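K.L.:
Here it is, the structure, as structure tokens.
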Amino acid sequence: MENLKNMNKLIQQFVIMVFLLIGLTSCEEDVTGDISLNSVERLVIEGGIERNSGNSTQKIRLTKTLPFLTNSNNPFVSDATVTITDGTTTWNLIHTQNGFYETNSLLPQIGKTYTITIVWNNETYTGSDTLSEVPSFDNFYYEFEEETLFTDEGYFLKFDTTDPVGVENYYYYRVFKNNIFTIVPDPGNSETLIVSDKFFDGQQRIGINPNEEVSFKIGDLAKAQQLGISKRYYQFLFELFTQTGNQGISFIGNPPPASIKSNIVNITNPKNRILGYFYAVDIVEDSVVIE
């Protein structure tokens, strides 16, 4: 679960940076109040439902935003009431520490829609995502590649997988180096770390590099995950990677900031929006020691 914590921390930093810059409002609204040095305190959610053979604990984390120029960690929320339901069974998530809410009794099922409800500060937030099955790896391996104009020399993870026929699929790839989730802010992340099967439905794909920015050396433990995600989560990640991937490279240009909508809504006070996304994903993973 340390891997999930590292991944969520990075995604949280991305999300908060974008939303603080744009004030979480539409283009018709005056955003100057939201992007002041005393920004409105907002709830931030990290995590979701993960169907993974190596994971028996489902957890999410709740924190609060800070004023834009504050140089400290986001304070965690420990006094919320958090439940998840599949329409038949409801699970109560218990706060453990540092804003983490967990349950060990929820066993994710393919095709189920999971709805989270958060009650905090006398306001209620709710949102849903549907768990889609992910295909397994047909082959998992690594290859050595020489340095190029865009990549370093090193060993890179590769895998083969077959997309199901006639099913609309969306994928997200995670890479871990020595059990640490690794991602480099890059303009190409919105095209390589997430993908739709629009152009390869039902086909086998050979030699997929889940993250060409991450290379390995002899002795490293290399792990990759292929996640089956919903269309809406795909769209959320696409906007997230688009807006945070550019590091000021002039010839590419910076995309204009735009509001990235969460799948969670505040039904008590719609203007007080939450940051982040509650997801339900299926995961297949494998690992190898580089020799």
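Scheme for the structure tokens: letters A, B, ... for chains in order shown; per-chain residue numbers from 1; ligand numbers from 1 in order shown.
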Tell me which protein, DNA and RNA residues are within 9 Å of range 70-75 of chain A, counting only C-alpha atoms, leaving out same-chain ones fewer than 5 positions away, and put them as a VMD selection string.
P.N.:
chain A and resid 37 62 to 65 98 to 99
K.L.:
Can you spit out the residues from that selection as a PDB file, in the first residue's frame, using N, CA, C and O atoms?
P.N.:
ATOM      1  N   LEU A  37      -4.287  34.667  -2.251  1.00  0.00           N
ATOM      2  CA  LEU A  37      -3.382  34.010  -1.317  1.00  0.00           C
ATOM      3  C   LEU A  37      -4.141  33.311  -0.203  1.00  0.00           C
ATOM      4  O   LEU A  37      -3.611  32.434   0.469  1.00  0.00           O
ATOM      5  N   LEU A  62      -8.289  11.586   2.722  1.00  0.00           N
ATOM      6  CA  LEU A  62      -8.898  12.902   2.682  1.00  0.00           C
ATOM      7  C   LEU A  62      -7.956  13.921   3.322  1.00  0.00           C
ATOM      8  O   LEU A  62      -7.463  13.712   4.434  1.00  0.00           O
ATOM      9  N   THR A  63      -7.710  15.001   2.598  1.00  0.00           N
ATOM     10  CA  THR A  63      -6.925  16.110   3.118  1.00  0.00           C
ATOM     11  C   THR A  63      -7.637  17.412   2.758  1.00  0.00           C
ATOM     12  O   THR A  63      -8.676  17.416   2.104  1.00  0.00           O
ATOM     13  N   LYS A  64      -7.045  18.529   3.200  1.00  0.00           N
ATOM     14  CA  LYS A  64      -7.590  19.853   2.900  1.00  0.00           C
ATOM     15  C   LYS A  64      -6.542  20.662   2.160  1.00  0.00           C
ATOM     16  O   LYS A  64      -5.343  20.501   2.362  1.00  0.00           O
ATOM     17  N   THR A  65      -7.002  21.548   1.288  1.00  0.00           N
ATOM     18  CA  THR A  65      -6.082  22.436   0.578  1.00  0.00           C
ATOM     19  C   THR A  65      -5.557  23.513   1.522  1.00  0.00           C
ATOM     20  O   THR A  65      -6.129  23.787   2.578  1.00  0.00           O
ATOM     21  N   ASN A  98      -3.569   9.727   9.637  1.00  0.00           N
ATOM     22  CA  ASN A  98      -3.162  10.685   8.604  1.00  0.00           C
ATOM     23  C   ASN A  98      -4.142  10.821   7.448  1.00  0.00           C
ATOM     24  O   ASN A  98      -3.739  10.958   6.290  1.00  0.00           O
ATOM     25  N   GLY A  99      -5.427  10.786   7.747  1.00  0.00           N
ATOM     26  CA  GLY A  99      -6.441  11.003   6.728  1.00  0.00           C
ATOM     27  C   GLY A  99      -6.822   9.778   5.932  1.00  0.00           C
ATOM     28  O   GLY A  99      -7.658   9.875   5.021  1.00  0.00           O
TER      29      GLY A  99
END
K.L.:
Taking only residues of range 166-236 of chain A that have an atom at most 12 Å from an atom of range 42-56 of chain A, what is each one's shortest atom pair and its distance in Å to one decimal, using only C-alpha atoms, in chain and number order, as a Markdown table?
P.N.:
| residue | atom | partner | partner_atom | distance |
| --- | --- | --- | --- | --- |
| A:Gln225 | CA | A:Asn52 | CA | 9.9 |
| A:Gln226 | CA | A:Asn52 | CA | 10.7 |
| A:Leu227 | CA | A:Glu50 | CA | 9.1 |
| A:Gly228 | CA | A:Arg51 | CA | 9.7 |
| A:Ile229 | CA | A:Glu50 | CA | 10.2 |
| A:Tyr233 | CA | A:Gly48 | CA | 11.3 |
K.L.:
Dump all heavy atoms for the selected residues as a short mmCIF file (atom, residue, chain, number, x, y, z; two decimals), in the first residue's frame?
P.N.:
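Once everything was written out, this is part00.cif:
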data_model
loop_
_atom_site.label_atom_id
_atom_site.label_comp_id
_atom_site.auth_asym_id
_atom_site.auth_seq_id
_atom_site.Cartn_x
_atom_site.Cartn_y
_atom_site.Cartn_z
N GLN A 225 2.14 -2.09 -13.84
CA GLN A 225 0.73 -2.41 -13.68
C GLN A 225 -0.04 -1.92 -14.91
O GLN A 225 0.24 -0.84 -15.43
CB GLN A 225 0.14 -1.73 -12.44
CG GLN A 225 0.71 -2.19 -11.13
CD GLN A 225 0.09 -1.47 -9.95
OE1 GLN A 225 -0.41 -0.35 -10.09
NE2 GLN A 225 0.11 -2.09 -8.78
N GLN A 226 -0.98 -2.72 -15.35
CA GLN A 226 -1.95 -2.30 -16.36
C GLN A 226 -3.30 -2.22 -15.66
O GLN A 226 -3.78 -3.19 -15.09
CB GLN A 226 -2.00 -3.29 -17.51
CG GLN A 226 -3.04 -2.91 -18.57
CD GLN A 226 -2.98 -3.78 -19.80
OE1 GLN A 226 -2.79 -3.30 -20.92
NE2 GLN A 226 -3.17 -5.09 -19.63
N LEU A 227 -3.90 -1.04 -15.70
CA LEU A 227 -5.18 -0.80 -15.03
C LEU A 227 -6.30 -0.70 -16.05
O LEU A 227 -6.16 -0.02 -17.07
CB LEU A 227 -5.15 0.49 -14.22
CG LEU A 227 -4.44 0.50 -12.86
CD1 LEU A 227 -2.94 0.31 -13.02
CD2 LEU A 227 -4.70 1.82 -12.14
N GLY A 228 -7.40 -1.37 -15.77
CA GLY A 228 -8.61 -1.16 -16.54
C GLY A 228 -9.41 -0.06 -15.86
O GLY A 228 -9.78 -0.18 -14.69
N ILE A 229 -9.64 1.04 -16.57
CA ILE A 229 -10.28 2.20 -15.97
C ILE A 229 -11.53 2.58 -16.76
O ILE A 229 -11.71 2.17 -17.91
CB ILE A 229 -9.32 3.41 -15.90
CG1 ILE A 229 -8.92 3.87 -17.31
CG2 ILE A 229 -8.07 3.06 -15.10
CD1 ILE A 229 -8.02 5.12 -17.33
N TYR A 233 -12.79 8.26 -15.92
CA TYR A 233 -11.48 8.38 -15.26
C TYR A 233 -10.40 8.64 -16.31
O TYR A 233 -9.46 9.40 -16.08
CB TYR A 233 -11.18 7.12 -14.46
CG TYR A 233 -9.97 7.23 -13.57
CD1 TYR A 233 -9.60 8.43 -12.97
CD2 TYR A 233 -9.19 6.10 -13.29
CE1 TYR A 233 -8.49 8.52 -12.15
CE2 TYR A 233 -8.08 6.17 -12.46
CZ TYR A 233 -7.74 7.38 -11.90
OH TYR A 233 -6.63 7.46 -11.08
#
K.L.:
Any idea what's packed within 12 Å of Glu145 in chain A, counting only C-alpha atoms, ignoring anything in its chain fewer than 6 positions away? Could you give it as a ChimeraX atom specification?
P.N.:
/A:151-158,209,212,214-217
K.L.:
For the selection you just gave me, I'd like the residues written to a file as a PDB file, in the first residue's frame, keeping C-alpha atoms.
P.N.:
ATOM      1  CA  THR A 151      15.294   8.696 -23.830  1.00  0.00           C
ATOM      2  CA  ASP A 152      18.251   7.647 -21.716  1.00  0.00           C
ATOM      3  CA  GLU A 153      20.208   4.454 -22.169  1.00  0.00           C
ATOM      4  CA  GLY A 154      18.984   1.609 -20.021  1.00  0.00           C
ATOM      5  CA  TYR A 155      16.664  -1.322 -19.572  1.00  0.00           C
ATOM      6  CA  PHE A 156      12.974  -0.748 -20.225  1.00  0.00           C
ATOM      7  CA  LEU A 157       9.973  -2.818 -19.219  1.00  0.00           C
ATOM      8  CA  LYS A 158       7.887  -4.315 -22.006  1.00  0.00           C
ATOM      9  CA  ASN A 209       6.471   0.182 -22.992  1.00  0.00           C
ATOM     10  CA  GLU A 212       9.338   5.241 -21.750  1.00  0.00           C
ATOM     11  CA  VAL A 214      11.544   5.247 -16.705  1.00  0.00           C
ATOM     12  CA  SER A 215      14.690   3.210 -17.336  1.00  0.00           C
ATOM     13  CA  PHE A 216      16.325   0.600 -15.125  1.00  0.00           C
ATOM     14  CA  LYS A 217      19.825  -0.694 -14.433  1.00  0.00           C
TER      15      LYS A 217
END
K.L.:
If I take CA of Asp220 in chain A and CA of Phe140 in chain A, how far is one from the other in Å, to one decimal?
P.N.:
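Result for CA of Asp220 in chain A versus CA of Phe140 in chain A: 15.6 Å, one decimal.
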K.L.:
Could you give me, as a VMD selection string, the residues within 8 Å of range 83-90 of chain A, counting only C-alpha atoms and dropping anything in the same chain fewer than 2 positions from it?
P.N.:
chain A and resid 81 92 to 93 112 to 118
K.L.:
Run DSSP on the backbone and grab whatever in range 19-218 of chain A lands in strand (DSSP E); send it over as a VMD selection string.
P.N.:
chain A and resid 43 to 51 58 to 64 81 to 85 90 to 95 100 to 103 113 to 120 123 to 130 137 to 145 154 to 162 170 to 177 180 to 181 194 to 196 204 to 208
K.L.:
Just checking: using only C-alpha atoms, which residue out of A:Arg232, A:Lys261, A:Arg174, A:His95 ends up closest to Thr130 in chain A?
P.N.:
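Of A:Arg232, A:Lys261, A:Arg174, A:His95, the one nearest Thr130 in chain A, counting only C-alpha atoms, is A:Arg232.
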K.L.:
Skipping near chain neighbours, those fewer than 3 positions away, what residues fall within 8 Å of Ser136 in chain A using only C-alpha atoms, listed as a count of residues only?
P.N.:
3
K.L.:
Work out how far apart CA of Asn266 in chain A and CA of Ser128 in chain A are and give it in Å to one decimal.
P.N.:
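Going from CA of Asn266 in chain A over to CA of Ser128 in chain A, I get 12.8 Å.
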